[in-house]
Amino acid sequence: MSKLLHKLERLADKIPEGYQHARATTIGLLNPNRRHDEPEEQRNDMIRAEINASHRFISFADERSQNFVKWHVDGHDYMYALSEMLESAREAIFILDWWLTPELYLRRPPAYKEQWRLDRILKRKAEQGVKIYVVVYKEVTQTMSMSSHHTKVALEALHPNIACMRHPDHIGSKDDVEFWSHHEKVVVVDNHRACIGGLDLCFGRWDTNNHPLADVHPTNFAETLFPGQDYNNARVLDFKNVDQYVNSTISNLDTPRMPWHDVHMTLCGPAVLDIVQHFTERWNEVKKRKYRTDARYDWLALPHDVEASPNEAVVRHPHREQWHHMGRKFKQRFHRHFDENYPEEEEDPEAYKASPQGTCRVQVVRSVSDWSHGVLTERSIQNAYIQLIREANHYIYIENQFFISSVDGSGQVKNTIAGALVERIIRAHQSGTKFKVVVVIPEVPGFAGNVKDESSLRIIMAAQYRTINRGGASIYEELRKQAIEPTDYIRFYHLRGYDRINAPYASYISQIEERSGVKIQQAMVALARQFVGETMDGPDSFKEVSVVLPSSSFTTEPAVAGTKNELKTAKYPLPQSVEEAQQIIERFQHGADELRSDEDVSDSVAQHMLRDQTTLYDEKWLGTPEEELFAYVSELVYIHSKVMIVDDRRVIMGSANINDRSQKGDGDSEIALVVEDEDMIETRMDGQPYMASRFAATLRRQLYKEHLGLIPPQVCEGPQEQVTEYMRPAPIPNPDQIGTREDDAVADPLSDETNGLWNDTAKRNSEIFTEAFRPVPTNFIRSWDAYEAYVPKVQTDHAVPDITLDRLKERLSQVRGSLVECPLDFLIDQKDFVDGPEWRGLNPTLPIYI
């Protein structure tokens, strides 16, 4: 009875809190327009609307010249550049992120780069007096696994100078938000340099241009690139319990990681002020709603100096004066008084380059609304996409995580980027001018499971096919209504890679275990202890580590293509010190001393998809042929980029996907840059002399070269990595590759030679992967009945059962780059795939997916 009374007392204590949450939710429901109904609020909205209307794309920000903008392809280069930027900070760091992992290594291998873990960098800067402000998306914990709670607790425990906000609340507040997220990926350092693009600072994003699928190093654990949960395959299993960041979610001994392709920018110049304005507005809005009385969270002032630049639109900002008086201020160097001096420009001219910074004209665009930003809906990103497409003269290149759009906005999907593409292609056809659109998207959305059984995968893929070529009002169908062959103008592609996992268990690793007395899983746990760090800067519960066991503990049923793997795990105690952990690893590695050396065996062979000096046939294997056949794996290269390049002159890049969530404005909050470089280079377009902008043309060429395998492999190993200009932040320029043979091969995106190289490579690679691995989707599956018959009965991502090792190596040696064709006939005979009830408005959760 006493226990029951105690429980009732605890319940009674919670009633006032529960009442307050219910009351707040009720207020929000009854008055959703409460921030825009008073006369002063309406005046403020009118001022913002007038400012936006005076700018291109109806954006809050105007175009700004003399910026230096630099592209970074894939996480390896961007995160190294970011580490330099963060290390240079003197006053303030601002971060907006969808997911931020404090334990993310920005430089690798981690064993040699302990001080370059994100939380350790931020702690170091905070101790030097730098103020650090972070806003992360507060996820719906029932369906998502990012643990923003861990992010906030871990960061704020580092130092009082670090403040981390989580937003939005999903229940029990006046501003309950069910579907939408904060999706920006922004870093600003000292109001002077900034980063914008597709890369979150979280697990799963760091990757090299090689896009390796394997990361097993039997006799040199220090070369591990993807520690703990950073070795992930979201197609097999999503992240879970990410605060336990050294736990594994899949076995790296036989399951490939899902490689991650992305693009990001670093920049310096006056456009940074607009990025800071966006951050400041978000920060102050969230503080007003959630942290108004908490002294840890400063009010922030806008960075602009309106006395030095009285014609700035921000002069009219409704809250500028109030924030100026109450907010913390940080130095800016773009609006300058005549006699103003900045000693850091002489002390560190790379980080604090004096004006003019560069040659790029930049405009910041965004998707924001009342829930996300406290303003009326702005959809300047969608406006920019549509206008840039309509104004295109020759060519459009798109890389995006999604491709969900509408030709007219009349159905369930409302954004009309697809309509702009159709309109522009029809005009090109009518005028008889050559015009092409190339779109590169993931083979499958990055969610665990198979297309047939997982509703989220099925709905998203259906939405994309409804955009592309079926459902009654797709791009291809609308063009065919005008007697236009769509593939003459617009084509779709994916990326896919292969690798070989160096884990011959029966012939090698099991013998090392026997001789050393250490299981390989124990050695992996010891390595995890090194990642945790000498000071155990992790959760108090880090007493043991969960490790996923290899395939002997798997079911042998078909996996991602068919049914899910059933993973079995084992738990091992975490060594009490780094010294003890090192001893365990050394014992395991010395177990191979009397067996054989492993130095001649590559731990990854993905580099052979690129312009390597050796071939797959040069790779040694010292296990059995059966083990080598099992070691080969393939996986989609997940495209997370959000970029469009028009005419090799204009670029829009940022956090926004091509779907309603990102483009409508009142869904996910997003930010992007429209970049137009005034540094022009001589080139050719459709064989004719042409002037392209350096930023746009070099970015598009670099992406082409990576996807076609025309760049050298990217080596990331050992304690001393060669630092290239690609890895340095703005304003240090990328290497000039113009005029090289590989660059010339892709310089003209309309030439028959470039298009032949692109399409022939995609076709050949598709045929090879189909023969060797039978990935899904494929044109061979036109219905669910064919799906069941086609999917190979093998472990996830491994070779088909009827191929020989010699044939497999012969075919894979012919793969160049990772480009493959998009199978436009996948499930084309399965009419209910794209014509289900959700497309007739009968699924209230559809907006979550589109």
# chains A, B, ... in the order shown; residues from 1 in each chain; ligands from 1

call {"tool": "residues_around", "arguments": {"residues": "region 544-547 of chain A", "least_positions_apart": "4", "cutoff": "12 Å", "atoms": "only C-alpha atoms", "output": "ChimeraX atom specification"}}
result
/A:228-229,231,240-241,243-253,519-529,532,539-540,567-576

call {"tool": "residues_around", "arguments": {"residues": "Arg120 (chain A)", "least_positions_apart": "3", "cutoff": "10 Å", "atoms": "only C-alpha atoms", "output": "PyMOL selection string"}}
result
chain A and resi 102-105+114-117+123-126+155+158+537

call {"tool": "write_last_selection", "arguments": {"atoms": "N, CA and C atoms", "output": "PDB file, in the first residue's frame"}}
result
ATOM      1  N   PRO A 102      28.377  15.546 -31.068  1.00  0.00           N
ATOM      2  CA  PRO A 102      29.570  16.126 -30.438  1.00  0.00           C
ATOM      3  C   PRO A 102      30.824  15.293 -30.657  1.00  0.00           C
ATOM      4  N   GLU A 103      30.661  13.969 -30.801  1.00  0.00           N
ATOM      5  CA  GLU A 103      31.810  13.063 -30.869  1.00  0.00           C
ATOM      6  C   GLU A 103      32.317  12.846 -32.293  1.00  0.00           C
ATOM      7  N   LEU A 104      31.928  13.715 -33.228  1.00  0.00           N
ATOM      8  CA  LEU A 104      32.326  13.581 -34.624  1.00  0.00           C
ATOM      9  C   LEU A 104      33.781  14.016 -34.816  1.00  0.00           C
ATOM     10  N   TYR A 105      34.569  13.182 -35.481  1.00  0.00           N
ATOM     11  CA  TYR A 105      35.948  13.531 -35.813  1.00  0.00           C
ATOM     12  C   TYR A 105      35.973  14.281 -37.138  1.00  0.00           C
ATOM     13  N   GLU A 114      43.093  12.847 -32.240  1.00  0.00           N
ATOM     14  CA  GLU A 114      42.189  12.909 -31.092  1.00  0.00           C
ATOM     15  C   GLU A 114      41.706  14.321 -30.808  1.00  0.00           C
ATOM     16  N   GLN A 115      42.584  15.320 -31.000  1.00  0.00           N
ATOM     17  CA  GLN A 115      42.216  16.694 -30.649  1.00  0.00           C
ATOM     18  C   GLN A 115      41.252  17.317 -31.636  1.00  0.00           C
ATOM     19  N   TRP A 116      40.974  16.609 -32.751  1.00  0.00           N
ATOM     20  CA  TRP A 116      40.104  17.174 -33.785  1.00  0.00           C
ATOM     21  C   TRP A 116      38.702  16.594 -33.743  1.00  0.00           C
ATOM     22  N   ARG A 117      38.321  16.055 -32.602  1.00  0.00           N
ATOM     23  CA  ARG A 117      36.915  15.698 -32.398  1.00  0.00           C
ATOM     24  C   ARG A 117      36.148  16.975 -32.115  1.00  0.00           C
ATOM     25  N   LYS A 123      35.308  22.829 -26.977  1.00  0.00           N
ATOM     26  CA  LYS A 123      35.743  23.020 -25.581  1.00  0.00           C
ATOM     27  C   LYS A 123      37.005  23.875 -25.543  1.00  0.00           C
ATOM     28  N   ARG A 124      37.930  23.583 -26.437  1.00  0.00           N
ATOM     29  CA  ARG A 124      39.192  24.328 -26.492  1.00  0.00           C
ATOM     30  C   ARG A 124      38.924  25.802 -26.780  1.00  0.00           C
ATOM     31  N   LYS A 125      38.046  26.080 -27.717  1.00  0.00           N
ATOM     32  CA  LYS A 125      37.754  27.471 -28.062  1.00  0.00           C
ATOM     33  C   LYS A 125      36.984  28.169 -26.943  1.00  0.00           C
ATOM     34  N   ALA A 126      36.038  27.455 -26.328  1.00  0.00           N
ATOM     35  CA  ALA A 126      35.289  28.062 -25.221  1.00  0.00           C
ATOM     36  C   ALA A 126      36.211  28.437 -24.072  1.00  0.00           C
ATOM     37  N   LEU A 155      27.270  19.145 -25.002  1.00  0.00           N
ATOM     38  CA  LEU A 155      27.913  20.410 -25.336  1.00  0.00           C
ATOM     39  C   LEU A 155      27.940  21.365 -24.154  1.00  0.00           C
ATOM     40  N   LEU A 158      30.538  21.019 -21.438  1.00  0.00           N
ATOM     41  CA  LEU A 158      31.934  21.298 -21.751  1.00  0.00           C
ATOM     42  C   LEU A 158      32.418  22.596 -21.122  1.00  0.00           C
ATOM     43  N   ASP A 537      35.363  11.132 -21.502  1.00  0.00           N
ATOM     44  CA  ASP A 537      34.390  12.200 -21.742  1.00  0.00           C
ATOM     45  C   ASP A 537      33.200  11.657 -22.520  1.00  0.00           C
TER      46      ASP A 537
END

call {"tool": "select_by_dssp", "arguments": {"residues": "region 378-468 of chain A", "states": "alpha helix (DSSP H)", "output": "ChimeraX atom specification"}}
result
/A:380-390,417-431,455-468

call {"tool": "residues_around", "arguments": {"residues": "Asp612 (chain A)", "least_positions_apart": "5", "cutoff": "12 Å", "atoms": "only C-alpha atoms", "output": "ChimeraX atom specification"}}
result
/A:210,605-607,618,709-715,813,816-817

call {"tool": "write_last_selection", "arguments": {"atoms": "C-alpha atoms", "output": "short mmCIF file (atom, residue, chain, number, x, y, z; two decimals), in the first residue's frame"}}
result
data_model
loop_
_atom_site.label_atom_id
_atom_site.label_comp_id
_atom_site.auth_asym_id
_atom_site.auth_seq_id
_atom_site.Cartn_x
_atom_site.Cartn_y
_atom_site.Cartn_z
CA ASN A 210 36.75 7.00 -52.81
CA VAL A 605 39.63 -1.61 -53.03
CA ALA A 606 37.10 1.14 -53.77
CA GLN A 607 39.92 3.32 -55.11
CA ASP A 618 46.82 -6.17 -58.72
CA GLY A 709 36.12 8.00 -62.08
CA LEU A 710 38.40 10.66 -63.57
CA ILE A 711 39.93 11.89 -60.29
CA PRO A 712 42.77 10.20 -58.38
CA PRO A 713 41.92 8.24 -55.21
CA GLN A 714 41.86 10.17 -51.95
CA VAL A 715 44.25 8.68 -49.41
CA SER A 813 37.57 -4.22 -62.81
CA ARG A 816 34.60 3.41 -63.73
CA GLY A 817 33.29 5.91 -61.25
#

call {"tool": "select_by_dssp", "arguments": {"residues": "region 629-696 of chain A", "states": "strand (DSSP E or B)", "output": "number ranges by chain"}}
result
A: 632-636, 638-639, 642-646, 650-654, 658, 669-677, 680-685, 688-693

call {"tool": "closest_residue", "arguments": {"among": "A:Arg741, A:Arg649, A:His798, A:Arg64", "to": "Ser693 (chain A)", "atoms": "only C-alpha atoms"}}
result
A:Arg649

call {"tool": "closest_residue", "arguments": {"among": "A:His373, A:Ile484, A:Leu106, A:Val314", "to": "Lys287 (chain A)", "atoms": "only C-alpha atoms"}}
result
A:His373

call {"tool": "closest_residue", "arguments": {"among": "A:Val834, A:Tyr352, A:Val776, A:Pro310", "to": "Met461 (chain A)", "atoms": "only C-alpha atoms"}}
result
A:Val834

call {"tool": "closest_residue", "arguments": {"among": "A:Arg480, A:Leu86, A:Glu717, A:Gln66", "to": "Lys113 (chain A)", "atoms": "only C-alpha atoms"}}
result
A:Glu717

call {"tool": "closest_residue", "arguments": {"among": "A:Thr804, A:Gln613, A:Gln430, A:Ser818", "to": "Trp758 (chain A)", "atoms": "only C-alpha atoms"}}
result
A:Ser818

call {"tool": "atom_distance", "arguments": {"atom1": "CA of Glu821 (chain A)", "atom2": "CA of Gly756 (chain A)"}}
result
13.4 Å
